[in-house]
>>> print(open('model10.csv').read())   # CSV, C-alpha atoms
chain,number,residue,atom,x,y,z
A,24,MET,CA,12.6,1.7,-9.5
A,25,GLU,CA,9.0,2.7,-9.0
A,26,ILE,CA,8.1,5.5,-6.6
A,27,GLY,CA,4.6,6.3,-5.4
A,28,ILE,CA,2.2,7.3,-2.6
A,29,SER,CA,-0.2,5.4,-0.4
A,30,THR,CA,-2.9,6.8,1.9
A,31,PHE,CA,-5.5,5.5,4.3
A,32,VAL,CA,-7.7,8.6,3.7
A,33,GLU,CA,-7.7,9.4,7.4
A,34,THR,CA,-10.2,11.8,9.0
A,35,THR,CA,-8.8,12.2,12.5
A,36,PRO,CA,-9.2,15.4,14.5
A,37,ASP,CA,-6.9,18.2,13.4
A,38,VAL,CA,-4.2,18.4,16.1
A,39,GLN,CA,-4.3,22.2,16.2
A,40,THR,CA,-8.0,23.0,15.9
A,41,GLY,CA,-9.7,19.7,16.8
A,42,GLU,CA,-11.8,20.0,13.6
A,43,VAL,CA,-12.7,16.8,11.8
A,44,ILE,CA,-13.3,17.2,8.1
A,45,SER,CA,-16.0,15.2,6.5
A,46,HIS,CA,-15.4,11.8,4.8
A,47,ALA,CA,-16.6,13.4,1.6
A,48,GLN,CA,-14.1,16.3,1.7
A,49,ARG,CA,-11.2,14.0,2.4
A,50,ILE,CA,-12.1,11.6,-0.4
A,51,ARG,CA,-12.2,14.6,-2.8
A,52,GLU,CA,-8.8,15.7,-1.5
A,53,VAL,CA,-7.3,12.3,-2.2
A,54,VAL,CA,-8.6,12.4,-5.8
A,55,GLU,CA,-6.7,15.7,-6.2
A,56,GLU,CA,-3.6,14.1,-4.7
A,57,ILE,CA,-3.8,11.2,-7.2
A,58,VAL,CA,-4.2,13.6,-10.1
A,59,LEU,CA,-1.1,15.6,-8.9
A,60,ALA,CA,0.9,12.4,-8.5
A,61,ASP,CA,0.2,11.5,-12.1
A,62,GLN,CA,1.0,15.0,-13.4
A,63,ILE,CA,4.5,15.0,-11.8
A,64,GLY,CA,5.4,11.5,-13.0
A,65,LEU,CA,5.0,9.3,-10.0
A,66,ASP,CA,4.5,5.6,-10.8
A,67,VAL,CA,1.7,4.3,-8.5
A,68,PHE,CA,-0.9,5.5,-6.0
A,69,GLY,CA,-2.4,3.2,-3.4
A,70,VAL,CA,-5.6,3.6,-1.3
A,71,GLY,CA,-6.2,1.5,1.8
A,72,GLU,CA,-9.5,-0.1,2.8
A,73,HIS,CA,-10.9,0.5,6.3
A,74,HIS,CA,-14.3,0.3,8.0
A,75,ARG,CA,-14.1,2.7,10.9
A,76,LYS,CA,-15.0,6.3,11.6
A,77,ASP,CA,-11.4,7.7,11.3
A,78,TYR,CA,-10.8,6.4,7.8
A,79,ALA,CA,-12.9,7.5,4.8
A,80,ALA,CA,-12.1,4.9,2.2
A,81,SER,CA,-14.1,1.7,2.7
A,82,SER,CA,-14.1,1.2,-1.1
A,83,PRO,CA,-10.7,1.9,-2.6
A,84,ALA,CA,-11.8,0.9,-6.1
A,85,VAL,CA,-14.4,3.7,-6.2
A,86,VAL,CA,-12.0,6.3,-5.1
A,87,LEU,CA,-9.4,5.2,-7.6
A,88,ALA,CA,-12.0,5.1,-10.4
A,89,ALA,CA,-12.8,8.7,-9.7
A,90,ALA,CA,-9.2,9.6,-10.3
A,91,ALA,CA,-8.7,7.1,-13.2
A,92,SER,CA,-10.6,9.3,-15.8
A,93,GLN,CA,-8.5,12.3,-14.8
A,94,THR,CA,-5.1,10.6,-15.0
A,95,LYS,CA,-3.1,9.1,-17.8
A,96,ARG,CA,-0.1,7.1,-16.6
A,97,ILE,CA,-0.1,6.4,-12.9
A,98,ARG,CA,-0.9,2.9,-11.7
A,99,LEU,CA,-3.8,2.6,-9.3
A,100,THR,CA,-3.9,0.0,-6.5
A,101,SER,CA,-5.6,-0.8,-3.3
A,102,ALA,CA,-3.3,-0.7,-0.2
A,103,VAL,CA,-4.7,-3.1,0.9
A,104,THR,CA,-7.9,-4.8,-0.1
A,105,VAL,CA,-9.0,-6.8,3.0
A,106,LEU,CA,-9.6,-9.9,1.1
A,107,SER,CA,-10.5,-12.1,4.1
A,108,SER,CA,-13.8,-10.2,4.7
A,109,SER,CA,-14.5,-9.5,1.0
A,110,ASP,CA,-16.2,-11.4,-1.7
A,111,PRO,CA,-13.5,-12.2,-4.3
A,112,VAL,CA,-16.0,-12.0,-7.1
A,113,ARG,CA,-17.0,-8.5,-6.2
A,114,VAL,CA,-13.3,-7.5,-5.7
A,115,PHE,CA,-12.6,-8.8,-9.2
A,116,HIS,CA,-15.6,-7.0,-10.7
A,117,ASP,CA,-14.6,-3.7,-9.1
A,118,PHE,CA,-10.9,-3.8,-10.2
A,119,SER,CA,-11.7,-5.1,-13.6
A,120,THR,CA,-14.0,-2.1,-14.0
A,121,LEU,CA,-11.2,0.2,-12.7
A,122,ASP,CA,-8.9,-1.5,-15.2
A,123,ALA,CA,-11.3,-0.6,-18.0
A,124,ILE,CA,-11.7,3.0,-16.9
A,125,SER,CA,-8.0,3.5,-16.5
A,126,ASN,CA,-7.2,1.5,-19.7
A,127,GLY,CA,-5.0,-1.1,-17.9
A,128,ARG,CA,-3.6,0.6,-14.8
A,129,ALA,CA,-5.4,-1.2,-12.0
A,130,GLU,CA,-3.8,-3.4,-9.4
A,131,ILE,CA,-5.1,-5.3,-6.4
A,132,MET,CA,-3.0,-5.5,-3.2
A,133,ALA,CA,-4.5,-8.3,-1.2
A,134,GLY,CA,-4.0,-8.6,2.5
A,135,ARG,CA,-5.5,-9.9,5.7
A,136,GLY,CA,-5.8,-6.4,7.1
A,137,SER,CA,-4.5,-5.2,10.5
A,138,PHE,CA,-7.9,-3.9,11.6
A,139,ILE,CA,-10.8,-6.3,12.4
A,140,GLU,CA,-13.9,-4.0,12.0
A,141,SER,CA,-14.8,-5.5,8.6
A,142,PHE,CA,-15.2,-9.1,10.0
A,143,PRO,CA,-18.3,-8.6,12.1
A,144,LEU,CA,-19.6,-6.0,9.6
A,145,PHE,CA,-19.7,-8.7,6.8
A,146,GLY,CA,-20.5,-11.6,9.1
A,147,TYR,CA,-17.2,-13.4,9.4
A,148,ASN,CA,-15.6,-15.0,12.4
A,149,LEU,CA,-12.1,-14.0,13.5
A,150,ARG,CA,-11.4,-17.6,14.3
A,151,ASP,CA,-11.3,-18.2,10.6
A,152,TYR,CA,-8.9,-15.3,10.0
A,153,ASP,CA,-6.1,-17.3,8.2
A,154,GLU,CA,-8.4,-19.8,6.4
A,155,LEU,CA,-10.6,-17.0,5.0
A,156,PHE,CA,-7.6,-15.4,3.4
A,157,GLU,CA,-6.2,-18.5,1.9
A,158,GLU,CA,-9.5,-19.6,0.5
A,159,LYS,CA,-10.5,-16.3,-0.9
A,160,LEU,CA,-7.0,-15.7,-2.5
A,161,ASP,CA,-7.4,-19.0,-4.2
A,162,LEU,CA,-10.7,-18.0,-5.7
A,163,LEU,CA,-9.4,-14.5,-6.7
A,164,LEU,CA,-6.6,-16.1,-8.6
A,165,LYS,CA,-8.9,-18.5,-10.4
A,166,LEU,CA,-11.2,-15.6,-11.4
A,167,ARG,CA,-8.3,-13.9,-13.2
A,168,GLU,CA,-7.2,-17.1,-14.9
A,169,SER,CA,-10.2,-17.8,-17.0
A,170,GLU,CA,-13.5,-16.3,-18.1
A,171,LYS,CA,-15.6,-19.2,-16.7
A,172,VAL,CA,-14.9,-20.5,-13.2
A,173,THR,CA,-15.7,-23.6,-11.3
A,174,TRP,CA,-14.7,-23.4,-7.6
A,175,LYS,CA,-15.7,-24.8,-4.2
A,176,GLY,CA,-14.7,-23.7,-0.7
A,177,ARG,CA,-15.9,-23.7,2.9
A,178,HIS,CA,-16.7,-20.0,3.5
A,179,ARG,CA,-18.5,-19.1,0.3
A,180,PRO,CA,-21.1,-20.8,-2.0
A,181,ALA,CA,-19.6,-22.8,-4.8
A,182,ILE,CA,-19.3,-21.5,-8.4
A,183,THR,CA,-20.1,-24.0,-11.2
A,184,ASN,CA,-18.9,-23.0,-14.7
A,185,LEU,CA,-20.1,-19.4,-14.4
A,186,GLY,CA,-18.7,-16.4,-16.3
A,187,VAL,CA,-17.3,-13.4,-14.5
A,188,TYR,CA,-17.4,-10.0,-16.3
A,189,PRO,CA,-16.1,-7.6,-17.3
A,190,ARG,CA,-12.7,-9.0,-18.1
A,191,PRO,CA,-9.8,-6.7,-17.3
A,192,VAL,CA,-7.7,-5.0,-19.9
A,193,GLN,CA,-4.6,-6.5,-18.4
A,194,ASP,CA,-4.1,-10.2,-18.7
A,195,PRO,CA,-3.6,-11.1,-15.9
A,196,LEU,CA,-4.8,-8.4,-13.7
A,197,PRO,CA,-1.9,-7.7,-11.2
A,198,VAL,CA,-2.5,-9.1,-7.7
A,199,TRP,CA,0.1,-8.3,-5.1
A,200,ILE,CA,0.4,-9.8,-1.6
A,201,GLY,CA,0.6,-7.3,1.2
A,202,SER,CA,2.5,-8.4,4.3
A,203,GLY,CA,3.6,-7.0,7.6
A,204,GLY,CA,6.6,-9.3,7.6
A,205,ASN,CA,4.9,-12.6,8.4
A,206,THR,CA,7.1,-15.5,7.2
A,207,GLU,CA,4.2,-17.6,6.0
A,208,SER,CA,2.7,-14.8,3.9
A,209,VAL,CA,6.1,-14.1,2.3
A,210,ILE,CA,6.6,-17.7,1.4
A,211,ARG,CA,3.0,-18.0,0.1
A,212,ALA,CA,3.6,-15.0,-2.2
A,213,GLY,CA,6.8,-16.6,-3.5
A,214,VAL,CA,5.2,-20.0,-4.1
A,215,LEU,CA,2.3,-18.4,-6.0
A,216,GLY,CA,4.7,-16.2,-8.0
A,217,LEU,CA,2.9,-13.0,-6.9
A,218,PRO,CA,4.6,-9.7,-6.3
A,219,LEU,CA,5.1,-8.8,-2.6
A,220,VAL,CA,4.5,-5.6,-0.6
A,221,LEU,CA,6.2,-5.3,2.8
A,222,ALA,CA,4.8,-2.8,5.3
A,223,ILE,CA,8.0,-1.4,6.9
A,224,ILE,CA,6.7,0.9,9.5
A,225,GLY,CA,9.0,0.2,12.5
A,226,GLY,CA,12.5,-0.9,13.4
A,227,SER,CA,15.3,-1.0,10.8
A,228,PRO,CA,14.2,-1.6,7.2
A,229,VAL,CA,17.4,-3.6,6.5
A,230,ARG,CA,16.1,-6.3,8.8
A,231,PHE,CA,13.6,-7.1,6.0
A,232,ALA,CA,16.4,-8.3,3.7
A,233,PRO,CA,16.2,-11.9,4.9
A,234,LEU,CA,12.4,-11.9,4.2
A,235,VAL,CA,13.1,-10.8,0.6
A,236,LYS,CA,15.6,-13.5,0.2
A,237,LEU,CA,13.2,-16.1,1.6
A,238,TYR,CA,10.5,-14.8,-0.8
A,239,LYS,CA,12.8,-15.2,-3.8
A,240,ARG,CA,14.0,-18.6,-2.7
A,241,ALA,CA,10.4,-19.8,-2.4
A,242,ALA,CA,9.6,-18.4,-5.8
A,243,ALA,CA,12.6,-20.0,-7.4
A,244,GLN,CA,11.9,-23.4,-5.9
A,245,ALA,CA,8.3,-23.1,-7.2
A,246,GLY,CA,9.7,-22.5,-10.7
A,247,HIS,CA,8.9,-18.8,-11.1
A,248,ASP,CA,11.1,-16.4,-13.1
A,249,LEU,CA,12.6,-14.1,-10.5
A,250,SER,CA,13.2,-11.4,-13.1
A,251,LYS,CA,9.4,-10.9,-13.4
A,252,LEU,CA,8.8,-10.6,-9.7
A,253,SER,CA,8.7,-7.3,-7.8
A,254,VAL,CA,9.1,-6.4,-4.2
A,255,ALA,CA,7.6,-3.2,-2.8
A,256,SER,CA,7.8,-1.4,0.5
A,257,HIS,CA,5.3,0.8,2.3
A,258,SER,CA,6.6,3.3,4.9
A,259,HIS,CA,5.4,6.4,6.6
A,260,GLY,CA,7.0,9.7,5.7
A,261,PHE,CA,6.9,13.3,4.7
A,262,ILE,CA,9.0,15.7,2.7
A,263,ALA,CA,9.5,19.5,3.1
A,264,GLU,CA,12.1,22.1,2.1
A,265,THR,CA,14.3,21.3,5.2
A,266,THR,CA,14.5,18.2,7.3
A,267,HIS,CA,13.8,20.2,10.5
A,268,LEU,CA,10.6,21.6,8.9
A,269,ALA,CA,9.5,18.2,7.7
A,270,ALA,CA,9.9,16.6,11.1
A,271,ASP,CA,8.1,19.5,12.9
A,272,LYS,CA,5.2,19.3,10.5
A,273,PHE,CA,4.8,15.5,10.4
A,274,PHE,CA,5.3,14.7,14.1
A,275,PRO,CA,2.0,16.1,15.7
A,276,SER,CA,-0.5,14.2,13.5
A,277,THR,CA,1.8,11.1,13.5
A,278,GLN,CA,1.9,11.1,17.3
A,279,GLN,CA,-1.8,11.6,17.7
A,280,ALA,CA,-2.6,8.7,15.2
A,281,MET,CA,0.0,6.3,16.7
A,282,ASN,CA,-1.2,6.9,20.3
A,283,VAL,CA,-4.8,6.3,19.3
A,284,LEU,CA,-3.8,2.9,17.8
A,285,GLY,CA,-1.5,2.4,20.8
A,286,ARG,CA,-4.3,2.7,23.3
A,287,GLU,CA,-6.3,0.2,21.2
A,288,ARG,CA,-3.5,-2.3,20.9
A,289,GLY,CA,-1.5,-1.9,24.1
A,290,TRP,CA,1.5,-0.1,22.7
A,291,GLY,CA,3.7,2.2,24.7
A,292,HIS,CA,3.3,6.0,24.4
A,293,TYR,CA,4.7,7.4,21.2
A,294,ASP,CA,6.8,10.5,21.9
A,295,ARG,CA,9.2,12.8,20.0
A,296,SER,CA,12.2,10.7,20.9
A,297,SER,CA,10.6,7.6,19.4
A,298,PHE,CA,9.8,9.7,16.3
A,299,ASP,CA,13.3,11.1,15.9
A,300,ALA,CA,14.9,7.7,16.4
A,301,ALA,CA,12.7,6.3,13.6
A,302,ARG,CA,13.6,9.1,11.2
A,303,SER,CA,17.4,8.3,11.6
A,304,PHE,CA,19.1,7.0,8.5
A,305,GLU,CA,18.6,3.4,9.6
A,306,GLY,CA,15.0,4.0,10.8
A,307,ALA,CA,11.7,3.3,9.1
A,308,LEU,CA,10.4,6.9,8.9
A,309,TYR,CA,11.2,8.6,5.6
A,310,VAL,CA,11.0,12.2,6.9
A,311,GLY,CA,13.2,15.0,5.7
A,312,ASP,CA,14.2,17.2,2.8
A,313,SER,CA,14.4,15.7,-0.7
A,314,GLU,CA,18.0,14.6,-0.4
A,315,THR,CA,17.5,12.9,2.9
A,316,VAL,CA,14.5,10.9,1.7
A,317,ALA,CA,16.1,10.0,-1.6
A,318,GLN,CA,19.2,8.6,0.1
A,319,LYS,CA,17.1,6.5,2.5
A,320,ILE,CA,15.2,5.0,-0.5
A,321,ILE,CA,18.4,4.3,-2.3
A,322,HIS,CA,19.8,2.6,0.8
A,323,LEU,CA,16.7,0.5,1.0
A,324,ARG,CA,17.0,-0.6,-2.6
A,325,LYS,CA,20.7,-1.5,-2.3
A,326,ASN,CA,20.4,-3.4,0.9
A,327,VAL,CA,16.9,-4.9,0.8
A,328,GLY,CA,16.2,-5.3,-2.9
A,329,ILE,CA,13.0,-3.2,-3.1
A,330,THR,CA,11.9,-2.3,-6.6
A,331,ARG,CA,8.9,-0.2,-5.7
A,332,PHE,CA,8.6,2.3,-2.8
A,333,PHE,CA,5.3,3.7,-1.4
A,334,LEU,CA,5.6,6.9,0.8
A,335,HIS,CA,2.6,6.8,3.1
A,336,VAL,CA,1.4,10.3,3.7
A,337,PRO,CA,-0.2,11.7,5.7
A,338,VAL,CA,-0.4,9.7,9.0
A,339,GLY,CA,-3.4,11.2,10.8
A,340,THR,CA,-4.8,14.5,9.5
A,341,MET,CA,-2.5,17.1,7.9
A,342,PRO,CA,-3.4,20.2,5.9
A,343,HIS,CA,-4.2,19.2,2.3
A,344,GLU,CA,-1.8,21.8,0.9
A,345,GLU,CA,1.1,20.4,2.9
A,346,VAL,CA,0.4,16.9,1.7
A,347,MET,CA,0.2,18.1,-1.9
A,348,LYS,CA,3.6,19.9,-1.5
A,349,ALA,CA,5.2,16.7,-0.1
A,350,ILE,CA,3.8,14.7,-3.1
A,351,GLU,CA,5.2,17.4,-5.5
A,352,LEU,CA,8.7,17.2,-3.9
A,353,LEU,CA,8.6,13.4,-4.1
A,354,GLY,CA,7.8,13.4,-7.8
A,355,LYS,CA,9.9,16.4,-8.9
A,356,GLU,CA,13.0,16.0,-6.7
A,357,VAL,CA,13.2,12.6,-4.9
A,358,ALA,CA,12.1,10.2,-7.6
A,359,PRO,CA,14.4,11.5,-10.4
A,360,LYS,CA,17.4,11.4,-8.0
A,361,VAL,CA,16.6,7.8,-6.9
A,362,ARG,CA,16.1,6.6,-10.4
A,363,GLU,CA,19.3,8.2,-11.6
A,364,GLU,CA,21.5,6.8,-8.8
A,365,ILE,CA,19.9,3.3,-8.9
A,366,ALA,CA,20.4,3.2,-12.7
A,367,GLU,CA,24.1,4.2,-12.3
A,368,TRP,CA,24.6,1.7,-9.4
A,369,GLU,CA,23.0,-1.2,-11.4
A,370,GLY,CA,25.0,-0.3,-14.5
A,371,THR,CA,28.2,-0.5,-12.5
A,372,ASN,CA,27.3,-3.8,-10.9
A,373,ASN,CA,26.3,-5.3,-14.2
A,374,SER,CA,29.3,-4.2,-16.2
>>> encode(input="model10.csv", output="structure tokens")
Amino acid sequence: MEIGISTFVETTPDVQTGEVISHAQRIREVVEEIVLADQIGLDVFGVGEHHRKDYAASSPAVVLAAAASQTKRIRLTSAVTVLSSSDPVRVFHDFSTLDAISNGRAEIMAGRGSFIESFPLFGYNLRDYDELFEEKLDLLLKLRESEKVTWKGRHRPAITNLGVYPRPVQDPLPVWIGSGGNTESVIRAGVLGLPLVLAIIGGSPVRFAPLVKLYKRAAAQAGHDLSKLSVASHSHGFIAETTHLAADKFFPSTQQAMNVLGRERGWGHYDRSSFDAARSFEGALYVGDSETVAQKIIHLRKNVGITRFFLHVPVGTMPHEEVMKAIELLGKEVAPKVREEIAEWEGTNNS
């Protein structure tokens, strides 16, 4: 069971002061967070790609590379790379370079993206949303298969027997599929034999169990070895000394961020009752003391089959020292407990 952190490197106004820190400062803070996560034994850190004012990381590979030379063990991934509006050759270049700097710890989490700002920015039409992703994923996978590539598509110039360098340390360079729970994307990941990441940010996480079964069935029917496939989840959360304190600290920035998105997307108002319902044991918010969060992750593993868990923190802007403390608690208290109980559970089930 792998435990890690994901972040979108947000730079929203501070709920208390209204201050907005610079993109540069927030990026430097995230590098510090990655270094801490490595030091306390977390397994993976993911940085999301966005192209708007309230998110600082438009190039996750560069942020991760800054941390790669200061870390030793932690795996470094995008969360996600918006592949539909990216050039797969450049994505492969960037993450092969990250793989070299980290000596084999880079991963790509490829997704369509839930934000659309990158499409007009890079000259793509949203009418081609689905086709762009399918075509570019096909090219990305061919790039990692062989040193020289011949490929032809509709949305990018053809490549005819050209070499793509540098080659990654890992063979193959890990490519995960990020999904919000779309049935087609889950099946695609299974058919391709690629590991799957589910964004579980609302409702009951247990309702994703049928999607995991669908993914594994598609993979098995395509002839892939299920023992080599991983399923990860990505959920918002925060850890503090007490559950009450964790909830009070995490709610203000989460409410602000969710209501900004809500106004853009036509969602209802996000209030404390919605927040408290989501942090119940069956809810999708992993907010509480170390024991509470650990038990929720264990429950997710046993009932959904997750083998990697990303705690997404912060949502909105929180004080850097509070985020660092939450990461420390995840690595020093939550992760050991989860690993120990899961190992005992699996040992009992396999005996």
>>> atom_distance(input="model10.csv", atom1="CA of Gln39 in chain A", atom2="CA of Pro342 in chain A")
10.5 Å
>>> residues_around(input="model10.csv", residues="Leu217 in chain A", least_positions_apart="3", cutoff="8 Å", atoms="all atoms listed in the file", output="PyMOL selection string")
chain A and resi 198-200+212-214+252
>>> residues_near_point(input="model10.csv", point="(-11.2, 9.0, -4.2)", cutoff="6 Å", atoms="all atoms listed in the file", output="count of residues only")
7
>>> closest_residue(input="model10.csv", among="A:Gly41, A:Gly306, A:Gly311, A:Gly71", to="Ser258 in chain A", atoms="all atoms listed in the file")
A:Gly306
>>> residues_around(input="model10.csv", residues="Ala129 in chain A", least_positions_apart="2", cutoff="10 Å", atoms="all atoms listed in the file", output="mmCIF file with C-alpha atoms, keeping the file's coordinate frame")
data_model
loop_
_atom_site.group_PDB
_atom_site.id
_atom_site.type_symbol
_atom_site.label_atom_id
_atom_site.label_comp_id
_atom_site.auth_asym_id
_atom_site.auth_seq_id
_atom_site.Cartn_x
_atom_site.Cartn_y
_atom_site.Cartn_z
ATOM 1 C CA VAL A 67 1.700 4.300 -8.500
ATOM 2 C CA ALA A 84 -11.800 0.900 -6.100
ATOM 3 C CA LEU A 87 -9.400 5.200 -7.600
ATOM 4 C CA ALA A 88 -12.000 5.100 -10.400
ATOM 5 C CA ALA A 91 -8.700 7.100 -13.200
ATOM 6 C CA ILE A 97 -0.100 6.400 -12.900
ATOM 7 C CA ARG A 98 -0.900 2.900 -11.700
ATOM 8 C CA LEU A 99 -3.800 2.600 -9.300
ATOM 9 C CA THR A 100 -3.900 0.000 -6.500
ATOM 10 C CA SER A 101 -5.600 -0.800 -3.300
ATOM 11 C CA ASP A 117 -14.600 -3.700 -9.100
ATOM 12 C CA PHE A 118 -10.900 -3.800 -10.200
ATOM 13 C CA SER A 119 -11.700 -5.100 -13.600
ATOM 14 C CA THR A 120 -14.000 -2.100 -14.000
ATOM 15 C CA LEU A 121 -11.200 0.200 -12.700
ATOM 16 C CA ASP A 122 -8.900 -1.500 -15.200
ATOM 17 C CA ALA A 123 -11.300 -0.600 -18.000
ATOM 18 C CA ILE A 124 -11.700 3.000 -16.900
ATOM 19 C CA SER A 125 -8.000 3.500 -16.500
ATOM 20 C CA ASN A 126 -7.200 1.500 -19.700
ATOM 21 C CA GLY A 127 -5.000 -1.100 -17.900
ATOM 22 C CA ILE A 131 -5.100 -5.300 -6.400
ATOM 23 C CA PRO A 191 -9.800 -6.700 -17.300
ATOM 24 C CA VAL A 192 -7.700 -5.000 -19.900
ATOM 25 C CA GLN A 193 -4.600 -6.500 -18.400
ATOM 26 C CA LEU A 196 -4.800 -8.400 -13.700
ATOM 27 C CA PRO A 197 -1.900 -7.700 -11.200
ATOM 28 C CA VAL A 198 -2.500 -9.100 -7.700
#
>>> atom_distance(input="model10.csv", atom1="CA of Arg179 in chain A", atom2="CA of Arg167 in chain A")
17.7 Å
>>> residues_near_point(input="model10.csv", point="(12.1, 16.0, 9.6)", cutoff="12 Å", atoms="only C-alpha atoms", output="JSON, numbers by chain")
{"A": [260, 261, 262, 263, 264, 265, 266, 267, 268, 269, 270, 271, 272, 273, 274, 275, 295, 298, 299, 300, 301, 302, 303, 304, 308, 309, 310, 311, 312, 313, 314, 315, 316, 349]}
>>> residues_around(input="model10.csv", residues="Gln62 in chain A", least_positions_apart="2", cutoff="12 Å", atoms="all atoms listed in the file", output="PyMOL selection string")
chain A and resi 55-60+64-67+90+93-97+347+350-351+354-355
>>> build_atoms(input="model10.csv", residues="range 224-235 of chain A", atoms="N, CA, C and O atoms", output="compact mmCIF listing (two decimals), in the frame of the given file")
# COMPACT_ATOMS: atom_id res chain seq x y z
N ILE A 224 7.15 -0.26 8.80
CA ILE A 224 6.70 0.90 9.50
C ILE A 224 7.36 1.01 10.93
O ILE A 224 6.97 1.86 11.74
N GLY A 225 8.34 0.15 11.19
CA GLY A 225 9.00 0.20 12.50
C GLY A 225 10.34 -0.55 12.42
O GLY A 225 10.57 -1.36 11.51
N GLY A 226 11.21 -0.27 13.35
CA GLY A 226 12.50 -0.90 13.40
C GLY A 226 13.40 -0.49 12.26
O GLY A 226 13.24 0.59 11.68
N SER A 227 14.35 -1.34 11.91
CA SER A 227 15.30 -1.00 10.80
C SER A 227 14.81 -1.73 9.53
O SER A 227 14.65 -2.95 9.52
N PRO A 228 14.61 -0.97 8.46
CA PRO A 228 14.20 -1.60 7.20
C PRO A 228 15.11 -2.69 6.71
O PRO A 228 14.66 -3.65 6.06
N VAL A 229 16.41 -2.58 7.03
CA VAL A 229 17.40 -3.60 6.50
C VAL A 229 17.07 -4.96 7.09
O VAL A 229 17.42 -5.97 6.48
N ARG A 230 16.37 -5.02 8.22
CA ARG A 230 16.10 -6.30 8.80
C ARG A 230 15.07 -7.11 7.94
O ARG A 230 14.85 -8.31 8.19
N PHE A 231 14.47 -6.45 6.94
CA PHE A 231 13.60 -7.10 6.00
C PHE A 231 14.29 -7.86 4.90
O PHE A 231 13.67 -8.60 4.14
N ALA A 232 15.59 -7.63 4.78
CA ALA A 232 16.40 -8.30 3.70
C ALA A 232 16.25 -9.79 3.73
O ALA A 232 16.07 -10.42 2.67
N PRO A 233 16.36 -10.44 4.89
CA PRO A 233 16.20 -11.90 4.90
C PRO A 233 14.83 -12.37 4.40
O PRO A 233 14.72 -13.45 3.80
N LEU A 234 13.78 -11.57 4.67
CA LEU A 234 12.40 -11.90 4.20
C LEU A 234 12.38 -11.87 2.66
O LEU A 234 11.74 -12.71 2.02
N VAL A 235 13.04 -10.88 2.07
CA VAL A 235 13.10 -10.80 0.60
C VAL A 235 13.82 -11.97 0.02
O VAL A 235 13.40 -12.55 -0.98
